[in-house]
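Asker: Below is the file entry07.cif, with mmCIF, C-alpha atoms and all ligand atoms.
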```
data_coords
#
loop_
_atom_site.label_atom_id
_atom_site.label_comp_id
_atom_site.auth_asym_id
_atom_site.auth_seq_id
_atom_site.Cartn_x
_atom_site.Cartn_y
_atom_site.Cartn_z
CA MET Q 25 14.56 10.43 -55.11
CA LEU Q 26 12.90 7.31 -56.42
CA SER Q 27 16.26 5.63 -56.99
CA MET Q 28 17.37 6.51 -53.44
CA LEU Q 29 14.24 4.84 -52.08
CA GLY Q 30 14.96 1.83 -54.24
CA LEU Q 31 18.47 1.50 -52.87
CA GLY Q 32 17.20 1.82 -49.32
CA ALA Q 33 14.66 -0.93 -49.81
CA ALA Q 34 17.26 -3.16 -51.38
CA GLY Q 35 19.54 -2.56 -48.40
CA LEU Q 36 16.80 -3.49 -45.94
CA LEU Q 37 16.13 -6.68 -47.84
CA THR Q 38 19.75 -7.65 -48.17
CA ALA Q 39 21.17 -7.08 -44.71
CA PRO Q 40 19.29 -9.85 -42.86
CA HIS Q 41 20.41 -12.36 -45.46
CA LEU Q 42 24.02 -11.37 -45.04
CA GLN Q 43 23.70 -11.60 -41.29
CA ARG Q 44 22.08 -15.03 -41.41
CA GLY Q 45 24.84 -16.22 -43.72
CA LEU Q 46 27.50 -15.05 -41.30
CA GLU Q 47 25.76 -16.58 -38.31
CA ALA Q 48 25.40 -19.88 -40.13
CA PHE Q 49 29.06 -19.72 -40.94
CA LEU Q 50 30.14 -19.03 -37.38
CA GLY Q 51 27.94 -21.89 -36.22
CA SER Q 52 26.71 -22.23 -32.66
CA ALA Q 53 28.70 -19.44 -31.09
CA ALA Q 54 26.52 -17.01 -29.16
CA ASP Q 55 28.49 -13.81 -29.58
CA LYS Q 56 28.01 -13.04 -33.26
CA ASP Q 57 29.10 -9.90 -34.93
CA PRO Q 58 26.61 -8.71 -37.55
CA THR Q 59 28.81 -6.05 -39.07
CA GLY Q 60 30.31 -8.29 -41.69
CA LEU Q 61 33.06 -10.62 -42.62
CA THR Q 62 35.77 -8.78 -40.71
CA GLY Q 63 34.02 -8.91 -37.34
CA LEU Q 64 35.57 -9.88 -34.03
CA LEU Q 65 35.48 -13.62 -33.63
CA PRO Q 66 33.45 -15.08 -30.80
CA ASN Q 67 35.95 -16.20 -28.17
CA GLY Q 68 38.47 -14.75 -30.57
CA GLY Q 69 40.92 -13.48 -27.97
CA GLY Q 70 41.70 -10.49 -30.17
CA PHE Q 71 41.53 -12.28 -33.50
CA ARG Q 72 39.42 -10.93 -36.28
CA TYR Q 73 37.65 -13.12 -38.74
CA TYR Q 74 38.67 -12.74 -42.36
CA SER Q 75 37.39 -14.53 -45.40
CA VAL Q 76 37.33 -13.33 -48.98
CA ALA Q 77 34.76 -16.05 -49.75
CA ALA Q 78 31.13 -15.61 -48.70
CA SER Q 79 30.84 -19.20 -47.51
CA VAL Q 80 33.30 -22.02 -47.02
CA PRO Q 81 32.41 -25.72 -46.77
CA ARG Q 82 33.21 -27.50 -43.51
CA LYS Q 83 35.71 -30.31 -43.75
CA GLY Q 84 36.68 -32.94 -41.23
CA PRO Q 85 38.54 -36.26 -41.01
CA ASP Q 86 36.36 -37.90 -43.67
CA THR Q 87 36.40 -35.12 -46.25
CA TYR Q 88 39.60 -33.12 -45.75
CA ARG Q 89 42.45 -33.69 -48.22
CA LEU Q 90 45.74 -31.88 -48.76
CA THR Q 91 47.50 -32.42 -52.07
CA VAL Q 92 51.19 -31.80 -52.72
CA ASP Q 93 52.09 -31.63 -56.41
CA GLY Q 94 53.83 -29.55 -59.08
CA LEU Q 95 57.60 -29.81 -59.56
CA VAL Q 96 58.03 -32.84 -57.30
CA ASP Q 97 59.04 -36.47 -57.87
CA ARG Q 98 56.40 -37.95 -55.55
CA PRO Q 99 53.06 -36.10 -55.53
CA ALA Q 100 51.00 -36.96 -52.45
CA THR Q 101 47.58 -36.59 -50.90
CA TYR Q 102 47.25 -36.39 -47.11
CA THR Q 103 44.19 -37.04 -44.99
CA LEU Q 104 43.79 -35.31 -41.65
CA ASP Q 105 44.80 -38.50 -39.85
CA ALA Q 106 47.89 -38.81 -42.03
CA LEU Q 107 48.93 -35.25 -41.10
CA ARG Q 108 48.24 -35.91 -37.41
CA ALA Q 109 50.44 -39.01 -37.56
CA LEU Q 110 53.51 -37.02 -38.66
CA PRO Q 111 55.86 -35.37 -36.13
CA GLN Q 112 54.37 -32.11 -34.86
CA THR Q 113 56.24 -28.94 -33.99
CA ARG Q 114 55.00 -26.06 -31.83
CA VAL Q 115 55.94 -22.40 -32.07
CA VAL Q 116 54.69 -19.42 -30.06
CA HIS Q 117 54.89 -15.90 -31.52
CA ASP Q 118 52.75 -12.79 -31.84
CA VAL Q 119 50.26 -12.86 -34.70
CA GLN Q 120 50.38 -9.59 -36.62
CA CYS Q 121 47.80 -8.53 -39.20
CA VAL Q 122 48.84 -5.95 -41.76
CA THR Q 123 45.79 -3.86 -40.81
CA GLY Q 124 47.21 -3.32 -37.34
CA TRP Q 125 45.77 -5.84 -34.89
CA ARG Q 126 48.13 -8.10 -33.03
CA VAL Q 127 47.60 -11.14 -30.81
CA PRO Q 128 50.53 -11.84 -28.50
CA ASP Q 129 52.06 -15.24 -27.73
CA THR Q 130 49.86 -17.42 -29.91
CA PRO Q 131 50.80 -21.12 -30.05
CA PHE Q 132 50.55 -22.96 -33.38
CA GLU Q 133 51.23 -26.65 -33.87
CA GLY Q 134 51.52 -28.76 -36.97
CA VAL Q 135 53.76 -30.37 -39.53
CA ARG Q 136 56.74 -28.42 -40.81
CA LEU Q 137 56.19 -27.55 -44.45
CA SER Q 138 59.81 -28.58 -45.14
CA ARG Q 139 58.93 -32.13 -44.08
CA LEU Q 140 56.13 -32.38 -46.66
CA LEU Q 141 58.37 -30.85 -49.33
CA ASP Q 142 61.17 -33.32 -48.58
CA ALA Q 143 58.71 -36.22 -48.67
CA ALA Q 144 57.54 -35.07 -52.10
CA GLY Q 145 61.06 -34.66 -53.48
CA VAL Q 146 61.35 -31.10 -54.81
CA ARG Q 147 62.96 -30.96 -58.26
CA SER Q 148 66.09 -28.92 -58.83
CA ASP Q 149 64.41 -26.41 -61.17
CA ALA Q 150 61.81 -25.46 -58.55
CA LYS Q 151 61.93 -22.02 -56.91
CA ALA Q 152 58.66 -21.43 -55.09
CA VAL Q 153 55.55 -22.88 -53.51
CA ARG Q 154 51.96 -21.92 -54.20
CA PHE Q 155 49.12 -22.55 -51.74
CA THR Q 156 45.44 -22.93 -52.59
CA CYS Q 157 42.41 -23.17 -50.35
CA PHE Q 158 39.10 -25.01 -50.31
CA ASP Q 159 37.26 -21.70 -50.03
CA GLY Q 160 37.83 -21.73 -53.79
CA THR Q 161 39.34 -18.24 -53.88
CA TYR Q 162 42.32 -17.50 -51.66
CA SER Q 163 45.90 -18.24 -52.61
CA GLU Q 164 49.36 -17.54 -51.26
CA SER Q 165 52.98 -18.17 -52.16
CA LEU Q 166 56.45 -18.40 -50.69
CA THR Q 167 59.90 -18.83 -52.14
CA LEU Q 168 61.31 -22.31 -51.48
CA GLN Q 169 63.84 -20.78 -49.12
CA GLN Q 170 61.07 -19.15 -47.08
CA ALA Q 171 58.96 -22.32 -47.24
CA ARG Q 172 61.78 -24.40 -45.74
CA ARG Q 173 62.07 -22.29 -42.57
CA ALA Q 174 61.54 -24.21 -39.35
CA ASP Q 175 58.76 -21.79 -38.31
CA VAL Q 176 56.62 -22.32 -41.40
CA MET Q 177 54.08 -25.10 -40.93
CA VAL Q 178 50.93 -26.80 -42.05
CA ALA Q 179 49.09 -26.07 -38.83
CA LEU Q 180 46.53 -28.38 -37.21
CA ARG Q 181 46.29 -26.65 -33.84
CA MET Q 182 46.12 -23.02 -32.76
CA ARG Q 183 45.97 -21.80 -29.16
CA ASP Q 184 46.33 -25.45 -28.04
CA THR Q 185 43.10 -26.66 -29.61
CA PRO Q 186 42.29 -28.03 -33.08
CA ILE Q 187 41.93 -25.14 -35.52
CA GLU Q 188 38.24 -24.32 -35.70
CA HIS Q 189 36.45 -23.75 -38.99
CA ALA Q 190 36.34 -19.95 -38.69
CA HIS Q 191 40.12 -19.84 -38.22
CA GLY Q 192 40.72 -21.93 -41.34
CA GLY Q 193 40.35 -25.40 -39.87
CA PRO Q 194 40.96 -28.17 -40.01
CA VAL Q 195 44.26 -27.12 -41.61
CA ARG Q 196 45.78 -23.72 -42.32
CA LEU Q 197 49.20 -22.56 -43.32
CA TYR Q 198 51.17 -20.75 -40.60
CA VAL Q 199 54.06 -18.48 -41.58
CA ALA Q 200 55.35 -17.15 -38.25
CA PRO Q 201 57.69 -14.35 -39.42
CA MET Q 202 55.26 -12.78 -41.87
CA TYR Q 203 52.04 -10.78 -41.74
CA PHE Q 204 49.07 -13.00 -41.11
CA TYR Q 205 47.74 -12.79 -44.67
CA LYS Q 206 50.46 -15.30 -45.57
CA SER Q 207 48.83 -17.85 -43.27
CA ALA Q 208 46.27 -19.19 -45.74
CA LYS Q 209 43.17 -20.63 -44.09
CA TRP Q 210 41.39 -23.82 -45.28
CA LEU Q 211 44.58 -25.05 -46.94
CA SER Q 212 43.95 -27.70 -49.60
CA GLY Q 213 46.80 -27.50 -52.09
CA ILE Q 214 50.58 -27.13 -52.03
CA SER Q 215 52.11 -26.87 -55.47
CA VAL Q 216 55.82 -26.52 -56.12
CA THR Q 217 56.42 -24.02 -58.93
CA SER Q 218 59.18 -22.46 -60.99
CA ASP Q 219 58.53 -18.93 -59.71
CA VAL Q 220 56.55 -16.99 -57.11
CA ARG Q 221 53.01 -16.18 -58.12
CA PRO Q 222 51.49 -13.33 -56.12
CA GLY Q 223 48.63 -14.41 -53.87
CA TYR Q 224 45.15 -13.00 -53.40
CA TRP Q 225 46.07 -9.90 -51.38
CA GLU Q 226 49.36 -9.45 -53.20
CA GLU Q 227 47.51 -9.00 -56.47
CA ARG Q 228 45.65 -6.26 -54.58
CA GLY Q 229 48.71 -4.36 -53.38
CA TYR Q 230 50.29 -6.11 -50.38
CA ASP Q 231 53.96 -7.11 -50.46
CA VAL Q 232 54.82 -10.62 -51.65
CA ASP Q 233 57.68 -10.78 -49.13
CA ALA Q 234 55.57 -10.07 -46.08
CA TRP Q 235 58.14 -9.94 -43.25
CA VAL Q 236 56.69 -8.36 -40.11
CA GLY Q 237 58.37 -4.99 -39.59
CA ARG Q 238 60.17 -4.99 -42.96
CA SER Q 239 57.32 -4.84 -45.48
CA ASN Q 240 54.11 -3.06 -46.34
CA GLY Q 241 55.53 0.24 -45.04
CA ARG Q 242 54.77 -0.72 -41.42
CA GLY Q 243 57.04 -0.49 -38.41
CA ASP Q 244 55.70 -3.41 -36.37
CA THR Q 245 58.11 -5.15 -34.04
CA PRO Q 246 58.94 -8.65 -35.28
CA THR Q 247 58.80 -11.47 -32.72
CA VAL Q 248 60.60 -13.94 -34.96
N1 LIG R 1 41.60 -18.64 -47.15
C1 LIG R 1 41.85 -17.45 -46.56
N2 LIG R 1 42.95 -17.34 -45.79
C2 LIG R 1 43.23 -16.16 -45.17
C3 LIG R 1 42.42 -15.02 -45.37
C4 LIG R 1 41.26 -15.17 -46.19
O1 LIG R 1 40.47 -14.24 -46.41
N3 LIG R 1 41.01 -16.40 -46.76
N4 LIG R 1 42.74 -13.81 -44.77
C5 LIG R 1 44.11 -13.65 -44.32
C6 LIG R 1 44.27 -12.50 -43.42
S1 LIG R 1 44.41 -10.96 -44.11
C7 LIG R 1 44.38 -12.66 -42.07
S2 LIG R 1 44.72 -11.38 -41.03
C8 LIG R 1 44.17 -14.00 -41.45
C9 LIG R 1 43.01 -13.94 -40.48
O2 LIG R 1 42.91 -15.16 -39.80
P1 LIG R 1 41.72 -15.37 -38.76
O3 LIG R 1 40.43 -15.22 -39.53
O4 LIG R 1 41.93 -16.75 -38.21
O5 LIG R 1 41.86 -14.32 -37.70
O6 LIG R 1 43.92 -15.03 -42.39
C10 LIG R 1 44.62 -14.90 -43.61
N5 LIG R 1 44.35 -16.08 -44.40
MO MO R 2 45.23 -9.63 -42.40
#
```
Rewrite the structure from the file as structure tokens, please.
Ligand SMILES: Nc1nc2c(c(=O)[nH]1)N[C@H]1C(S)=C(S)[C@@H](COP(=O)(O)O)O[C@H]1N2
Ligand SMILES: [Mo]
Answerer:
Amino acid sequence: MLSMLGLGAAGLLTAPHLQRGLEAFLGSAADKDPTGLTGLLPNGGGFRYYSVAASVPRKGPDTYRLTVDGLVDRPATYTLDALRALPQTRVVHDVQCVTGWRVPDTPFEGVRLSRLLDAAGVRSDAKAVRFTCFDGTYSESLTLQQARRADVMVALRMRDTPIEHAHGGPVRLYVAPMYFYKSAKWLSGISVTSDVRPGYWEERGYDVDAWVGRSNGRGDTPTV
């Protein structure tokens, strides 16, 4: 009985802190969801907010950097302006989360990943690409063949506006044909590797090859 009371008190003390943290994270938006880190996004248009990190620093033109390294001849670091100056491509497909929610006809714009890989000069012994994030926690991976698809990009815009912080801005990965967990938010590192290393959710049971409709035991209709 005493320990139950203790837990209850701890819960009362903790919840407001969590809520304040989330509100701070979501910034000035009025429609905040206090239920936790998987809440509906304000103005989300059906998107849910996911982060495995409790807080993520904000980065903009002065502080954002994307590094490309690993098994390449010419490692590189890109600023936001440098990425904006490269040719941009736009694709429009349904976003599909492995937990079931889907957002139809969502435009993404950015630099094809294949362009950055070609600029870096991928070595012949390379097989895969690993992605890391400035949330300090999340990671993803693709085979080189998947990474070179025309509908895989380093995205700067989503729904025809710059990607906002909550959606992984200023730069997130976008992998159109796969479940949305492949589309790593707050992208900061691209490293060419000798083999695929399972990402954050893949170490926790999701399929490494995350094709919509052909993985994770789900029957979703692919739009790509
Ligand atoms: N860095 C990072 N990227 C991430 C995630 C995350 O928790 N951290 N969640 C993934 C999952 S499971 C989904 S469904 C989408 C959610 O994107 P959204 O928050 O923009 O809706 O981001 C993916 N990329
Ligand atoms: Mo997801």
Asker: Point out the residue among Q:Glu188, Q:Asp105, Q:Asp175, Q:Asp129 with the least atom-to-atom distance to ligand LIG 1 (chain R), counting all atoms listed in the file.
Answerer: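 Nearest candidate to ligand LIG 1 (chain R) out of Q:Glu188, Q:Asp105, Q:Asp175, Q:Asp129: Q:Glu188.
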Asker: Taking a cut-off of 7 Å and counting only C-alpha atoms and all ligand atoms, can you build a table that, for each residue of chain Q near ligand MO 2 (chain R), reports the nearest atom pair and how far apart they are in Å (one decimal), sorted by chain then residue number, as a Markdown table?
Answerer:
```
| residue | atom | partner | partner_atom | distance |
| --- | --- | --- | --- | --- |
| Q:Cys121 | CA | R:MO2 | MO | 4.2 |
| Q:Val122 | CA | R:MO2 | MO | 5.2 |
| Q:Thr123 | CA | R:MO2 | MO | 6.0 |
| Q:Tyr203 | CA | R:MO2 | MO | 6.9 |
| Q:Phe204 | CA | R:MO2 | MO | 5.3 |
| Q:Tyr205 | CA | R:MO2 | MO | 4.6 |
```
Asker: Need the neighbours of (57.5, -29.3, -42.3): which residues are at most 12 Å away, counting all atoms listed in the file, as a PyMOL selection string?
Answerer: chain Q and resi 107+110-114+133-144+170-179+197-199
Asker: Would you mind listing the residues within 9 Å of ligand LIG 1 (chain R), counting only C-alpha atoms and all ligand atoms, as a PyMOL selection string?
Answerer: chain Q and resi 62+64-65+68+70-77+80+119-123+125+156-164+187-193+196-197+203-211+224-225
Asker: Could you give me, as a PDB file with C-alpha atoms, in the coordinates of the input, the residues within 10 Å of His117 of chain Q, counting only C-alpha atoms and dropping anything in the same chain fewer than 6 positions from it?
Answerer:
```pdb
ATOM      1  CA  VAL Q 127      47.600 -11.140 -30.810  1.00  0.00           C
ATOM      2  CA  PRO Q 128      50.530 -11.840 -28.500  1.00  0.00           C
ATOM      3  CA  ASP Q 129      52.060 -15.240 -27.730  1.00  0.00           C
ATOM      4  CA  THR Q 130      49.860 -17.420 -29.910  1.00  0.00           C
ATOM      5  CA  PRO Q 131      50.800 -21.120 -30.050  1.00  0.00           C
ATOM      6  CA  PHE Q 132      50.550 -22.960 -33.380  1.00  0.00           C
ATOM      7  CA  ASP Q 175      58.760 -21.790 -38.310  1.00  0.00           C
ATOM      8  CA  ALA Q 200      55.350 -17.150 -38.250  1.00  0.00           C
ATOM      9  CA  PRO Q 201      57.690 -14.350 -39.420  1.00  0.00           C
ATOM     10  CA  PRO Q 246      58.940  -8.650 -35.280  1.00  0.00           C
ATOM     11  CA  THR Q 247      58.800 -11.470 -32.720  1.00  0.00           C
ATOM     12  CA  VAL Q 248      60.600 -13.940 -34.960  1.00  0.00           C
TER      13      VAL Q 248
END
```
Asker: Work out how far apart atom CA of Pro222 of chain Q and atom CA of Val195 of chain Q are and give it in Å to one decimal.
Answerer: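 About the pair atom CA of Pro222 of chain Q and atom CA of Val195 of chain Q: they are 21.3 Å apart.
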Asker: Report the distance between atom CA of Ser239 of chain Q and atom CA of Glu227 of chain Q in Å, rounded to one decimal place.
Answerer: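 Distance reported for this atom pair: 15.3 Å.
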Asker: What is the atom CA of Pro85 of chain Q-atom CA of Thr103 of chain Q distance in Å, reported with one decimal?
Answerer: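 It comes out at 7.0 Å.
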Asker: Step by step: locate segment 121-150 of chain Q in the block above, keep N, CA and C atoms, then write the file as a PDB file, in the first residue's frame.
Answerer:
```pdb
ATOM      1  N   CYS Q 121       3.361   4.271 -42.286  1.00  0.00           N
ATOM      2  CA  CYS Q 121       4.053   3.825 -41.068  1.00  0.00           C
ATOM      3  C   CYS Q 121       3.722   2.364 -40.818  1.00  0.00           C
ATOM      4  N   VAL Q 122       4.679   1.650 -40.273  1.00  0.00           N
ATOM      5  CA  VAL Q 122       4.509   0.225 -40.017  1.00  0.00           C
ATOM      6  C   VAL Q 122       3.468  -0.037 -38.935  1.00  0.00           C
ATOM      7  N   THR Q 123       3.116   0.994 -38.155  1.00  0.00           N
ATOM      8  CA  THR Q 123       2.075   0.819 -37.136  1.00  0.00           C
ATOM      9  C   THR Q 123       0.679   1.028 -37.700  1.00  0.00           C
ATOM     10  N   GLY Q 124       0.580   1.380 -38.976  1.00  0.00           N
ATOM     11  CA  GLY Q 124      -0.736   1.403 -39.601  1.00  0.00           C
ATOM     12  C   GLY Q 124      -1.153   2.723 -40.218  1.00  0.00           C
ATOM     13  N   TRP Q 125      -0.718   3.854 -39.698  1.00  0.00           N
ATOM     14  CA  TRP Q 125      -1.212   5.112 -40.250  1.00  0.00           C
ATOM     15  C   TRP Q 125      -0.552   5.414 -41.590  1.00  0.00           C
ATOM     16  N   ARG Q 126      -1.328   6.109 -42.397  1.00  0.00           N
ATOM     17  CA  ARG Q 126      -0.899   6.383 -43.776  1.00  0.00           C
ATOM     18  C   ARG Q 126      -1.302   7.800 -44.146  1.00  0.00           C
ATOM     19  N   VAL Q 127      -0.431   8.519 -44.814  1.00  0.00           N
ATOM     20  CA  VAL Q 127      -0.746   9.876 -45.270  1.00  0.00           C
ATOM     21  C   VAL Q 127      -0.610   9.904 -46.781  1.00  0.00           C
ATOM     22  N   PRO Q 128      -1.745  10.064 -47.490  1.00  0.00           N
ATOM     23  CA  PRO Q 128      -1.701   9.982 -48.943  1.00  0.00           C
ATOM     24  C   PRO Q 128      -0.993  11.169 -49.605  1.00  0.00           C
ATOM     25  N   ASP Q 129      -0.419  10.899 -50.769  1.00  0.00           N
ATOM     26  CA  ASP Q 129       0.053  11.940 -51.691  1.00  0.00           C
ATOM     27  C   ASP Q 129       0.896  13.013 -51.008  1.00  0.00           C
ATOM     28  N   THR Q 130       1.967  12.601 -50.388  1.00  0.00           N
ATOM     29  CA  THR Q 130       2.816  13.542 -49.655  1.00  0.00           C
ATOM     30  C   THR Q 130       4.044  13.902 -50.481  1.00  0.00           C
ATOM     31  N   PRO Q 131       4.190  15.184 -50.853  1.00  0.00           N
ATOM     32  CA  PRO Q 131       5.379  15.574 -51.623  1.00  0.00           C
ATOM     33  C   PRO Q 131       6.627  15.698 -50.742  1.00  0.00           C
ATOM     34  N   PHE Q 132       7.722  15.156 -51.224  1.00  0.00           N
ATOM     35  CA  PHE Q 132       9.051  15.357 -50.637  1.00  0.00           C
ATOM     36  C   PHE Q 132       9.964  15.907 -51.716  1.00  0.00           C
ATOM     37  N   GLU Q 133      10.872  16.783 -51.310  1.00  0.00           N
ATOM     38  CA  GLU Q 133      11.845  17.353 -52.244  1.00  0.00           C
ATOM     39  C   GLU Q 133      13.215  17.364 -51.616  1.00  0.00           C
ATOM     40  N   GLY Q 134      14.227  17.100 -52.422  1.00  0.00           N
ATOM     41  CA  GLY Q 134      15.584  17.152 -51.905  1.00  0.00           C
ATOM     42  C   GLY Q 134      16.578  16.657 -52.929  1.00  0.00           C
ATOM     43  N   VAL Q 135      17.744  16.296 -52.419  1.00  0.00           N
ATOM     44  CA  VAL Q 135      18.850  15.863 -53.261  1.00  0.00           C
ATOM     45  C   VAL Q 135      18.853  14.346 -53.305  1.00  0.00           C
ATOM     46  N   ARG Q 136      18.884  13.794 -54.500  1.00  0.00           N
ATOM     47  CA  ARG Q 136      18.978  12.328 -54.594  1.00  0.00           C
ATOM     48  C   ARG Q 136      20.210  11.836 -53.845  1.00  0.00           C
ATOM     49  N   LEU Q 137      20.018  10.792 -53.047  1.00  0.00           N
ATOM     50  CA  LEU Q 137      21.139  10.213 -52.323  1.00  0.00           C
ATOM     51  C   LEU Q 137      22.221   9.742 -53.294  1.00  0.00           C
ATOM     52  N   SER Q 138      21.819   9.219 -54.459  1.00  0.00           N
ATOM     53  CA  SER Q 138      22.788   8.719 -55.436  1.00  0.00           C
ATOM     54  C   SER Q 138      23.746   9.824 -55.883  1.00  0.00           C
ATOM     55  N   ARG Q 139      23.241  11.061 -55.931  1.00  0.00           N
ATOM     56  CA  ARG Q 139      24.097  12.183 -56.322  1.00  0.00           C
ATOM     57  C   ARG Q 139      25.218  12.401 -55.295  1.00  0.00           C
ATOM     58  N   LEU Q 140      24.862  12.342 -54.019  1.00  0.00           N
ATOM     59  CA  LEU Q 140      25.869  12.543 -52.968  1.00  0.00           C
ATOM     60  C   LEU Q 140      26.860  11.376 -52.945  1.00  0.00           C
ATOM     61  N   LEU Q 141      26.350  10.168 -53.203  1.00  0.00           N
ATOM     62  CA  LEU Q 141      27.236   8.998 -53.231  1.00  0.00           C
ATOM     63  C   LEU Q 141      28.207   9.098 -54.403  1.00  0.00           C
ATOM     64  N   ASP Q 142      27.697   9.509 -55.568  1.00  0.00           N
ATOM     65  CA  ASP Q 142      28.577   9.644 -56.735  1.00  0.00           C
ATOM     66  C   ASP Q 142      29.628  10.725 -56.495  1.00  0.00           C
ATOM     67  N   ALA Q 143      29.214  11.830 -55.872  1.00  0.00           N
ATOM     68  CA  ALA Q 143      30.162  12.911 -55.591  1.00  0.00           C
ATOM     69  C   ALA Q 143      31.276  12.424 -54.660  1.00  0.00           C
ATOM     70  N   ALA Q 144      30.929  11.519 -53.747  1.00  0.00           N
ATOM     71  CA  ALA Q 144      31.912  11.024 -52.781  1.00  0.00           C
ATOM     72  C   ALA Q 144      32.805   9.931 -53.368  1.00  0.00           C
ATOM     73  N   GLY Q 145      32.361   9.294 -54.444  1.00  0.00           N
ATOM     74  CA  GLY Q 145      33.163   8.236 -55.045  1.00  0.00           C
ATOM     75  C   GLY Q 145      33.159   6.968 -54.214  1.00  0.00           C
ATOM     76  N   VAL Q 146      32.106   6.170 -54.342  1.00  0.00           N
ATOM     77  CA  VAL Q 146      31.964   4.937 -53.552  1.00  0.00           C
ATOM     78  C   VAL Q 146      32.980   3.899 -54.019  1.00  0.00           C
ATOM     79  N   ARG Q 147      33.694   3.312 -53.087  1.00  0.00           N
ATOM     80  CA  ARG Q 147      34.723   2.317 -53.421  1.00  0.00           C
ATOM     81  C   ARG Q 147      34.080   0.989 -53.813  1.00  0.00           C
ATOM     82  N   SER Q 148      34.841   0.192 -54.548  1.00  0.00           N
ATOM     83  CA  SER Q 148      34.276  -1.019 -55.151  1.00  0.00           C
ATOM     84  C   SER Q 148      33.947  -2.092 -54.110  1.00  0.00           C
ATOM     85  N   ASP Q 149      34.555  -2.034 -52.930  1.00  0.00           N
ATOM     86  CA  ASP Q 149      34.273  -3.048 -51.913  1.00  0.00           C
ATOM     87  C   ASP Q 149      33.064  -2.672 -51.052  1.00  0.00           C
ATOM     88  N   ALA Q 150      32.452  -1.534 -51.314  1.00  0.00           N
ATOM     89  CA  ALA Q 150      31.330  -1.081 -50.491  1.00  0.00           C
ATOM     90  C   ALA Q 150      30.055  -1.820 -50.878  1.00  0.00           C
TER      91      ALA Q 150
END
```
